Amino acid sequence: MFALRTTLRRLHPLDWVAAALLGCGLLFLATGLLPTGPAGEAAARITPLLAFLATVVVLAELTTAAEVFDVVAAGVARVGRGSYPRLFLLCVAFAGLTTIALNLDTTAVLLTPVMLALATRVGIAPLPLAMTTVWLANTASLLLPVSNLTNLLAAERVALSPAGLARVMWAPQLAALLATMACLWWFYWRRGRRGAADYLPPPAHRPADPVLFRICGLACTGFLLATLLTGLPLWVASGTTAAVAVLAFAVRRPAALRASLVPWRLLVMVPGMFLVVQTVDAHGLHRVLAEAVGTDGGVVGMFRASAVGAGLSNLLNNLPVYLAGEAAVPAGNHHQLLALLIGTNIGALVTPWASLATLLWYERCRAAGLRVPLRGVAATSAVLAVGGVLLATSALALTS
């Protein structure tokens with residue numbers, strides 16, 4: 001009993017949220033509020049997503065333990081050679097590529113501590129680096145299915161391969177990145193905000209185990225190439241490369257292999273979200289969203305879908321909002337669905353609960369001792385959310 005009470009005290013508030021969501025979903029299913037048909041459809045869609053999410057986070061955790069990100073972060077600072085504009089471009093590229101290649105939750109959970117450590121190393125204010133991480137975790141998540149769970153669902157709905165989704169979304173992704181860079185520089189990185197003219201580059205970081213470093217670096221590279229160049233399901237690519245990393249650690253550093261590597265909270269929260277949203281959708285949400293989104297598959301319909309997605313994501317959370325919105329968009333309106341994706345990905349910045357990545361980012365900042373000014377961050381994030389969604393939706397409309 002004492003051990004149980006101790007365990008319960010150690011649970012994070014997000015753990016309780018995840019358990020409550022799953023408990024509500026199972027209760028709805030048991031009482032008949034959620035029909036078995038929609039529940040079965042949710043289970044069919046969610047199983048490969050959960051397999052992917054579990055294995056890609058394990059891959060990212062072990063890659064971090066192998067100090068791949070530390071080496072890259074130190075290298076980024078050294079390449080910057082003391083110039084803030086150059087460091088800004090390199091940090092944007094680092095965070096953006098991490099989001100695109102791995103996923104936004106990896107950027108929020110694993111890159112945030114690296115960026116904050118980088119701030120300490122080079123003696124600069126931590127908030128600009130932290131904001132670079134959280135904004136790009138969301139706004140750089142449009143290009144590939146691997147970048148975001150919502151992308152996986154959208155790619156499945158419109159029958160696009162990873163390369164196919166990239167061909168359609170490259171212009172919206174570029175527009176979102178440009179909007180993010182402009183807001184980051186103006187609000188956080190320019191001289192009047194960062195408080196220094198230049199910085200002292202740190203020494204090169206040398207990993208404690210070069211073998212693990214090389215194996216995990218190659219595993220991440222192999223995962224990215226597999227998602228772009230092959231037809232393998234994402235969970236197969238992430239599972240295979242994660243297995244390579246796990247095997248390497250089993251041989252070189254077995255003590256690092258622990259149960260906490262698996263993202264248990266996400267594996268509980270995601271199915272709970274699916275079940276709850278399916279229940280709400282079965283009792284009227286679909287009709288409300290269908291009226292708000294409309295049936296116009298043209299430019300007006302795209303902007304309506306992206307606006308609804310962004311607004312509701314900040315009230316609720318972008319994953320259940322996308323799920324409900326997807327059911328409301330007519331089956332043939334592929335570009336309207338992608339506009340909804342833009343709204344739920346880029347617009348989910350203003351409130352801490354708008355996306356799981358933002359929640360995880362706040363947690364990492366708090367753990368590192370960084371006090372985040374909530375009002376200021378919400379205000380600047382609102383500017384980026386509105387501007388980014390408008391620019392990205394416009395880019396989609398122009399290139400579709």
# chains A, B, ... in the order shown; residues from 1 in each chain; ligands from 1
>>> closest_atom_pairs(of="range 236-313 of chain A", to="range 33-46 of chain A", cutoff="12 Å", atoms="only C-alpha atoms", output="tab-separated table")
residue	atom	partner	partner_atom	distance
A:Leu267	CA	A:Ile46	CA	10.1
A:Val268	CA	A:Ile46	CA	11.5
A:Met269	CA	A:Ile46	CA	11.6
A:Val270	CA	A:Ile46	CA	8.1
A:Pro271	CA	A:Ile46	CA	6.9
A:Gly272	CA	A:Ala42	CA	10.4
A:Met273	CA	A:Ala42	CA	10.1
A:Phe274	CA	A:Ala42	CA	6.4
A:Leu275	CA	A:Ala39	CA	6.6
A:Val276	CA	A:Leu34	CA	8.4
A:Val277	CA	A:Leu34	CA	9.7
A:Gln278	CA	A:Pro38	CA	6.6
A:Thr279	CA	A:Leu34	CA	4.9
A:Val280	CA	A:Leu34	CA	8.4
A:Asp281	CA	A:Leu34	CA	9.4
A:Ala282	CA	A:Leu34	CA	7.2
A:His283	CA	A:Leu33	CA	8.6
>>> write_last_selection(atoms="all heavy atoms", output="short mmCIF file (atom, residue, chain, number, x, y, z; two decimals), in the first residue's frame")
data_model
loop_
_atom_site.label_atom_id
_atom_site.label_comp_id
_atom_site.auth_asym_id
_atom_site.auth_seq_id
_atom_site.Cartn_x
_atom_site.Cartn_y
_atom_site.Cartn_z
N LEU A 267 0.99 6.65 -24.80
CA LEU A 267 0.30 5.43 -25.21
C LEU A 267 -1.03 5.26 -24.48
O LEU A 267 -1.89 4.51 -24.94
CB LEU A 267 1.20 4.22 -24.95
CG LEU A 267 2.51 4.19 -25.73
CD1 LEU A 267 3.28 2.91 -25.43
CD2 LEU A 267 2.26 4.33 -27.22
N VAL A 268 -1.20 5.93 -23.36
CA VAL A 268 -2.49 5.94 -22.66
C VAL A 268 -3.35 7.10 -23.15
O VAL A 268 -4.56 6.95 -23.38
CB VAL A 268 -2.27 6.04 -21.14
CG1 VAL A 268 -3.59 6.28 -20.41
CG2 VAL A 268 -1.61 4.77 -20.62
N MET A 269 -2.74 8.27 -23.34
CA MET A 269 -3.49 9.48 -23.69
C MET A 269 -4.08 9.40 -25.09
O MET A 269 -5.24 9.78 -25.31
CB MET A 269 -2.58 10.71 -23.59
CG MET A 269 -3.28 12.02 -23.91
SD MET A 269 -2.19 13.45 -23.71
CE MET A 269 -2.09 13.54 -21.93
N VAL A 270 -3.32 8.91 -26.06
CA VAL A 270 -3.79 8.93 -27.45
C VAL A 270 -5.03 8.06 -27.65
O VAL A 270 -6.02 8.54 -28.22
CB VAL A 270 -2.65 8.53 -28.41
CG1 VAL A 270 -3.17 8.33 -29.83
CG2 VAL A 270 -1.56 9.60 -28.39
N PRO A 271 -5.06 6.79 -27.20
CA PRO A 271 -6.31 6.04 -27.36
C PRO A 271 -7.46 6.64 -26.57
O PRO A 271 -8.62 6.59 -27.01
CB PRO A 271 -5.96 4.63 -26.87
CG PRO A 271 -4.73 4.78 -26.08
CD PRO A 271 -3.99 5.94 -26.65
N GLY A 272 -7.16 7.24 -25.41
CA GLY A 272 -8.22 7.90 -24.66
C GLY A 272 -8.82 9.05 -25.44
O GLY A 272 -10.05 9.23 -25.48
N MET A 273 -7.96 9.86 -26.09
CA MET A 273 -8.45 10.96 -26.93
C MET A 273 -9.32 10.44 -28.06
O MET A 273 -10.39 11.00 -28.35
CB MET A 273 -7.27 11.75 -27.51
CG MET A 273 -6.62 12.72 -26.56
SD MET A 273 -5.32 13.65 -27.41
CE MET A 273 -4.82 14.76 -26.10
N PHE A 274 -8.86 9.39 -28.72
CA PHE A 274 -9.63 8.83 -29.82
C PHE A 274 -11.03 8.42 -29.37
O PHE A 274 -12.03 8.73 -30.00
CB PHE A 274 -8.90 7.62 -30.41
CG PHE A 274 -7.94 7.96 -31.51
CD1 PHE A 274 -6.73 8.58 -31.25
CD2 PHE A 274 -8.24 7.66 -32.83
CE1 PHE A 274 -5.84 8.89 -32.25
CE2 PHE A 274 -7.36 7.96 -33.85
CZ PHE A 274 -6.16 8.57 -33.56
N LEU A 275 -11.11 7.68 -28.25
CA LEU A 275 -12.40 7.18 -27.78
C LEU A 275 -13.33 8.32 -27.36
O LEU A 275 -14.52 8.31 -27.66
CB LEU A 275 -12.18 6.21 -26.63
CG LEU A 275 -11.47 4.90 -26.98
CD1 LEU A 275 -11.19 4.10 -25.71
CD2 LEU A 275 -12.30 4.07 -27.96
N VAL A 276 -12.78 9.31 -26.66
CA VAL A 276 -13.60 10.43 -26.20
C VAL A 276 -14.12 11.23 -27.38
O VAL A 276 -15.30 11.60 -27.44
CB VAL A 276 -12.80 11.33 -25.23
CG1 VAL A 276 -13.55 12.63 -24.97
CG2 VAL A 276 -12.54 10.59 -23.92
N VAL A 277 -13.24 11.51 -28.36
CA VAL A 277 -13.66 12.29 -29.52
C VAL A 277 -14.70 11.52 -30.33
O VAL A 277 -15.68 12.10 -30.83
CB VAL A 277 -12.45 12.66 -30.39
CG1 VAL A 277 -12.91 13.24 -31.73
CG2 VAL A 277 -11.59 13.68 -29.66
N GLN A 278 -14.50 10.22 -30.48
CA GLN A 278 -15.50 9.42 -31.21
C GLN A 278 -16.85 9.49 -30.51
O GLN A 278 -17.90 9.54 -31.16
CB GLN A 278 -15.03 7.96 -31.29
CG GLN A 278 -13.85 7.73 -32.23
CD GLN A 278 -14.25 7.84 -33.69
OE1 GLN A 278 -15.41 7.71 -34.04
NE2 GLN A 278 -13.26 8.08 -34.54
N THR A 279 -16.85 9.51 -29.17
CA THR A 279 -18.11 9.60 -28.43
C THR A 279 -18.78 10.95 -28.65
O THR A 279 -19.99 11.03 -28.94
CB THR A 279 -17.85 9.39 -26.92
OG1 THR A 279 -17.18 8.15 -26.72
CG2 THR A 279 -19.15 9.39 -26.14
N VAL A 280 -18.00 12.02 -28.49
CA VAL A 280 -18.56 13.36 -28.69
C VAL A 280 -19.05 13.53 -30.12
O VAL A 280 -20.10 14.12 -30.38
CB VAL A 280 -17.52 14.43 -28.33
CG1 VAL A 280 -18.05 15.83 -28.62
CG2 VAL A 280 -17.11 14.32 -26.87
N ASP A 281 -18.27 12.98 -31.06
CA ASP A 281 -18.65 13.09 -32.47
C ASP A 281 -19.96 12.37 -32.74
O ASP A 281 -20.78 12.83 -33.55
CB ASP A 281 -17.54 12.51 -33.33
CG ASP A 281 -17.69 12.88 -34.80
OD1 ASP A 281 -17.94 14.06 -35.09
OD2 ASP A 281 -17.60 11.98 -35.65
N ALA A 282 -20.18 11.26 -32.06
CA ALA A 282 -21.42 10.50 -32.25
C ALA A 282 -22.63 11.21 -31.66
O ALA A 282 -23.76 10.84 -31.96
CB ALA A 282 -21.28 9.11 -31.61
N HIS A 283 -22.40 12.25 -30.85
CA HIS A 283 -23.51 12.95 -30.18
C HIS A 283 -23.59 14.42 -30.55
O HIS A 283 -23.98 15.25 -29.73
CB HIS A 283 -23.39 12.78 -28.66
CG HIS A 283 -23.60 11.37 -28.20
ND1 HIS A 283 -24.84 10.83 -27.95
CD2 HIS A 283 -22.71 10.36 -27.98
CE1 HIS A 283 -24.71 9.57 -27.58
NE2 HIS A 283 -23.44 9.26 -27.58
#
>>> residues_around(residues="range 381-396 of chain A", least_positions_apart="4", cutoff="6 Å", atoms="only C-alpha atoms", output="NGL selection string")
:A and (171-172 or 175-176 or 179 or 343 or 347 or 349-350 or 377 or 400)
>>> residues_around(residues="range 138-145 of chain A", least_positions_apart="5", cutoff="7 Å", atoms="only C-alpha atoms", output="mmCIF file with C-alpha atoms, in the first residue's frame")
data_model
loop_
_atom_site.group_PDB
_atom_site.id
_atom_site.type_symbol
_atom_site.label_atom_id
_atom_site.label_comp_id
_atom_site.auth_asym_id
_atom_site.auth_seq_id
_atom_site.Cartn_x
_atom_site.Cartn_y
_atom_site.Cartn_z
ATOM 1 C CA GLY A 96 13.112 22.322 -37.942
ATOM 2 C CA THR A 99 10.692 18.030 -36.129
ATOM 3 C CA ILE A 100 10.451 17.057 -39.786
ATOM 4 C CA LEU A 104 7.260 17.342 -32.960
ATOM 5 C CA ASN A 151 -0.152 14.103 -40.605
ATOM 6 C CA LEU A 152 -0.313 10.328 -40.408
ATOM 7 C CA ALA A 155 -1.944 11.114 -45.362
ATOM 8 C CA PRO A 162 5.491 10.423 -47.497
ATOM 9 C CA LEU A 165 2.594 14.548 -48.918
ATOM 10 C CA ALA A 166 5.890 16.432 -49.168
ATOM 11 C CA MET A 169 2.845 20.524 -48.529
ATOM 12 C CA TRP A 170 6.286 21.947 -49.368
ATOM 13 C CA GLN A 173 5.671 24.336 -44.910
ATOM 14 C CA ALA A 176 5.114 28.543 -42.076
ATOM 15 C CA LEU A 177 8.882 28.421 -41.562
ATOM 16 C CA ASN A 345 -0.629 22.054 -36.683
ATOM 17 C CA ILE A 346 0.451 25.690 -36.974
#
>>> closest_residue(among="A:Val168, A:Cys183, A:Ala154, A:Cys365", to="Leu341 in chain A", atoms="only C-alpha atoms")
A:Ala154
>>> select_by_dssp(residues="range 205-280 of chain A", states="helix (DSSP H, G or I)", output="JSON, numbers by chain")
{"A": [210, 211, 212, 213, 214, 215, 216, 217, 218, 219, 220, 221, 222, 223, 224, 225, 226, 227, 228, 229, 234, 235, 236, 237, 238, 239, 240, 241, 242, 243, 244, 245, 246, 247, 248, 249, 250, 251, 252, 254, 255, 256, 259, 260, 261, 264, 265, 266, 267, 268, 269, 270, 271, 272, 273, 274, 275, 276, 277, 278, 279, 280]}
>>> residues_around(residues="range 69-75 of chain A", least_positions_apart="4", cutoff="7 Å", atoms="only C-alpha atoms", output="list in words")
Thr64, Val79, Val114, Leu118, Pro202, Ala204, His205 and Arg206 of chain A
>>> residues_around(residues="Leu149 in chain A", least_positions_apart="5", cutoff="9 Å", atoms="only C-alpha atoms", output="list in words")
Leu49, Leu53, Asn103, Ala154 and Leu319 of chain A
>>> residues_around(residues="Leu129 in chain A", least_positions_apart="4", cutoff="10 Å", atoms="only C-alpha atoms", output="list in words")
Phe88, Cys91, Val92, Ala95, Thr112, Val114, Met115, Leu116, Ala117, Leu118, Ala119, Ile124, Ala125, Thr133, Val134, Leu184, Tyr188 and Trp189 of chain A
>>> closest_residue(among="A:Gly239, A:Gly192, A:Pro207, A:Gly301", to="Cys220 in chain A", atoms="only C-alpha atoms")
A:Gly239
>>> closest_residue(among="A:Ala130, A:Leu398, A:Leu136, A:Ala208", to="Arg371 in chain A", atoms="only C-alpha atoms")
A:Ala130
>>> atom_distance(atom1="CA of Pro201 in chain A", atom2="CA of Gly80 in chain A")
7.5 Å
>>> atom_distance(atom1="CA of Leu359 in chain A", atom2="CA of Val262 in chain A")
18.0 Å
>>> closest_residue(among="A:Leu370, A:Leu315, A:Pro13, A:Met302", to="Ala397 in chain A", atoms="only C-alpha atoms")
A:Met302
>>> residues_around(residues="Val329 in chain A", least_positions_apart="5", cutoff="12 Å", atoms="only C-alpha atoms", output="ChimeraX atom specification")
/A:154,157-158,286-297,301-302,304-306,308-309,322-324,334-341
>>> atom_distance(atom1="CA of Trp135 in chain A", atom2="CA of Val68 in chain A")
22.1 Å
>>> decode(residues="range 204-235 of chain A", atoms="N, CA, C and O atoms", output="short mmCIF file (atom, residue, chain, number, x, y, z; two decimals), in the first residue's frame")
data_model
loop_
_atom_site.label_atom_id
_atom_site.label_comp_id
_atom_site.auth_asym_id
_atom_site.auth_seq_id
_atom_site.Cartn_x
_atom_site.Cartn_y
_atom_site.Cartn_z
N ALA A 204 34.32 21.63 -28.77
CA ALA A 204 33.63 20.50 -29.39
C ALA A 204 33.22 19.49 -28.32
O ALA A 204 33.96 19.26 -27.35
N HIS A 205 32.06 18.90 -28.49
CA HIS A 205 31.59 17.87 -27.55
C HIS A 205 32.00 16.50 -28.07
O HIS A 205 31.73 16.15 -29.21
N ARG A 206 32.63 15.73 -27.21
CA ARG A 206 33.06 14.38 -27.57
C ARG A 206 32.22 13.35 -26.81
O ARG A 206 32.21 13.35 -25.58
N PRO A 207 31.51 12.49 -27.52
CA PRO A 207 30.65 11.52 -26.84
C PRO A 207 31.47 10.53 -26.01
O PRO A 207 32.60 10.16 -26.38
N ALA A 208 30.88 10.08 -24.91
CA ALA A 208 31.58 9.13 -24.04
C ALA A 208 31.78 7.79 -24.73
O ALA A 208 32.78 7.11 -24.48
N ASP A 209 30.86 7.39 -25.59
CA ASP A 209 30.95 6.12 -26.30
C ASP A 209 30.80 6.39 -27.80
O ASP A 209 29.68 6.47 -28.32
N PRO A 210 31.91 6.54 -28.53
CA PRO A 210 31.82 6.84 -29.96
C PRO A 210 31.09 5.77 -30.77
O PRO A 210 30.47 6.08 -31.78
N VAL A 211 31.15 4.51 -30.32
CA VAL A 211 30.47 3.44 -31.05
C VAL A 211 28.95 3.64 -31.00
O VAL A 211 28.26 3.58 -32.01
N LEU A 212 28.42 3.87 -29.78
CA LEU A 212 27.00 4.13 -29.65
C LEU A 212 26.60 5.38 -30.42
O LEU A 212 25.53 5.43 -31.04
N PHE A 213 27.43 6.39 -30.37
CA PHE A 213 27.15 7.63 -31.10
C PHE A 213 26.98 7.36 -32.59
O PHE A 213 26.01 7.81 -33.22
N ARG A 214 27.89 6.60 -33.17
CA ARG A 214 27.83 6.34 -34.61
C ARG A 214 26.63 5.46 -34.97
O ARG A 214 25.93 5.70 -35.96
N ILE A 215 26.38 4.42 -34.16
CA ILE A 215 25.27 3.51 -34.47
C ILE A 215 23.93 4.24 -34.40
O ILE A 215 23.09 4.12 -35.30
N CYS A 216 23.72 5.03 -33.35
CA CYS A 216 22.44 5.74 -33.21
C CYS A 216 22.30 6.84 -34.25
O CYS A 216 21.19 7.09 -34.75
N GLY A 217 23.38 7.50 -34.59
CA GLY A 217 23.33 8.49 -35.65
C GLY A 217 22.94 7.86 -36.98
O GLY A 217 22.11 8.39 -37.73
N LEU A 218 23.52 6.69 -37.27
CA LEU A 218 23.16 5.98 -38.50
C LEU A 218 21.73 5.46 -38.45
O LEU A 218 21.04 5.43 -39.48
N ALA A 219 21.27 5.04 -37.27
CA ALA A 219 19.90 4.56 -37.14
C ALA A 219 18.91 5.68 -37.45
O ALA A 219 17.91 5.47 -38.16
N CYS A 220 19.15 6.88 -36.93
CA CYS A 220 18.26 8.01 -37.22
C CYS A 220 18.28 8.35 -38.71
O CYS A 220 17.24 8.62 -39.31
N THR A 221 19.46 8.33 -39.29
CA THR A 221 19.57 8.61 -40.72
C THR A 221 18.84 7.54 -41.53
O THR A 221 18.12 7.85 -42.49
N GLY A 222 18.98 6.29 -41.13
CA GLY A 222 18.30 5.21 -41.82
C GLY A 222 16.80 5.32 -41.70
O GLY A 222 16.06 5.04 -42.67
N PHE A 223 16.32 5.74 -40.55
CA PHE A 223 14.88 5.93 -40.37
C PHE A 223 14.34 6.99 -41.32
O PHE A 223 13.31 6.80 -41.98
N LEU A 224 15.04 8.10 -41.42
CA LEU A 224 14.60 9.18 -42.31
C LEU A 224 14.60 8.70 -43.76
O LEU A 224 13.64 8.94 -44.51
N LEU A 225 15.66 8.03 -44.18
CA LEU A 225 15.73 7.55 -45.56
C LEU A 225 14.64 6.52 -45.85
O LEU A 225 14.05 6.51 -46.94
N ALA A 226 14.35 5.67 -44.88
CA ALA A 226 13.31 4.66 -45.08
C ALA A 226 11.94 5.29 -45.26
O ALA A 226 11.13 4.83 -46.06
N THR A 227 11.66 6.38 -44.51
CA THR A 227 10.36 7.03 -44.64
C THR A 227 10.23 7.77 -45.95
O THR A 227 9.12 7.88 -46.51
N LEU A 228 11.34 8.27 -46.47
CA LEU A 228 11.28 9.07 -47.70
C LEU A 228 11.38 8.23 -48.97
O LEU A 228 10.74 8.55 -49.97
N LEU A 229 12.19 7.18 -48.94
CA LEU A 229 12.55 6.49 -50.18
C LEU A 229 11.93 5.12 -50.34
O LEU A 229 12.07 4.50 -51.40
N THR A 230 11.26 4.60 -49.31
CA THR A 230 10.68 3.26 -49.42
C THR A 230 9.18 3.33 -49.14
O THR A 230 8.66 4.33 -48.65
N GLY A 231 8.51 2.26 -49.41
CA GLY A 231 7.08 2.17 -49.13
C GLY A 231 6.77 1.49 -47.82
O GLY A 231 5.62 1.08 -47.59
N LEU A 232 7.76 1.37 -46.95
CA LEU A 232 7.53 0.71 -45.66
C LEU A 232 6.56 1.51 -44.80
O LEU A 232 6.60 2.74 -44.79
N PRO A 233 5.66 0.84 -44.09
CA PRO A 233 4.84 1.56 -43.10
C PRO A 233 5.75 2.23 -42.08
O PRO A 233 6.83 1.71 -41.74
N LEU A 234 5.33 3.38 -41.59
CA LEU A 234 6.18 4.15 -40.68
C LEU A 234 6.54 3.37 -39.43
O LEU A 234 7.66 3.45 -38.92
N TRP A 235 5.58 2.58 -38.91
CA TRP A 235 5.88 1.85 -37.68
C TRP A 235 6.93 0.77 -37.92
O TRP A 235 7.70 0.43 -37.01
#
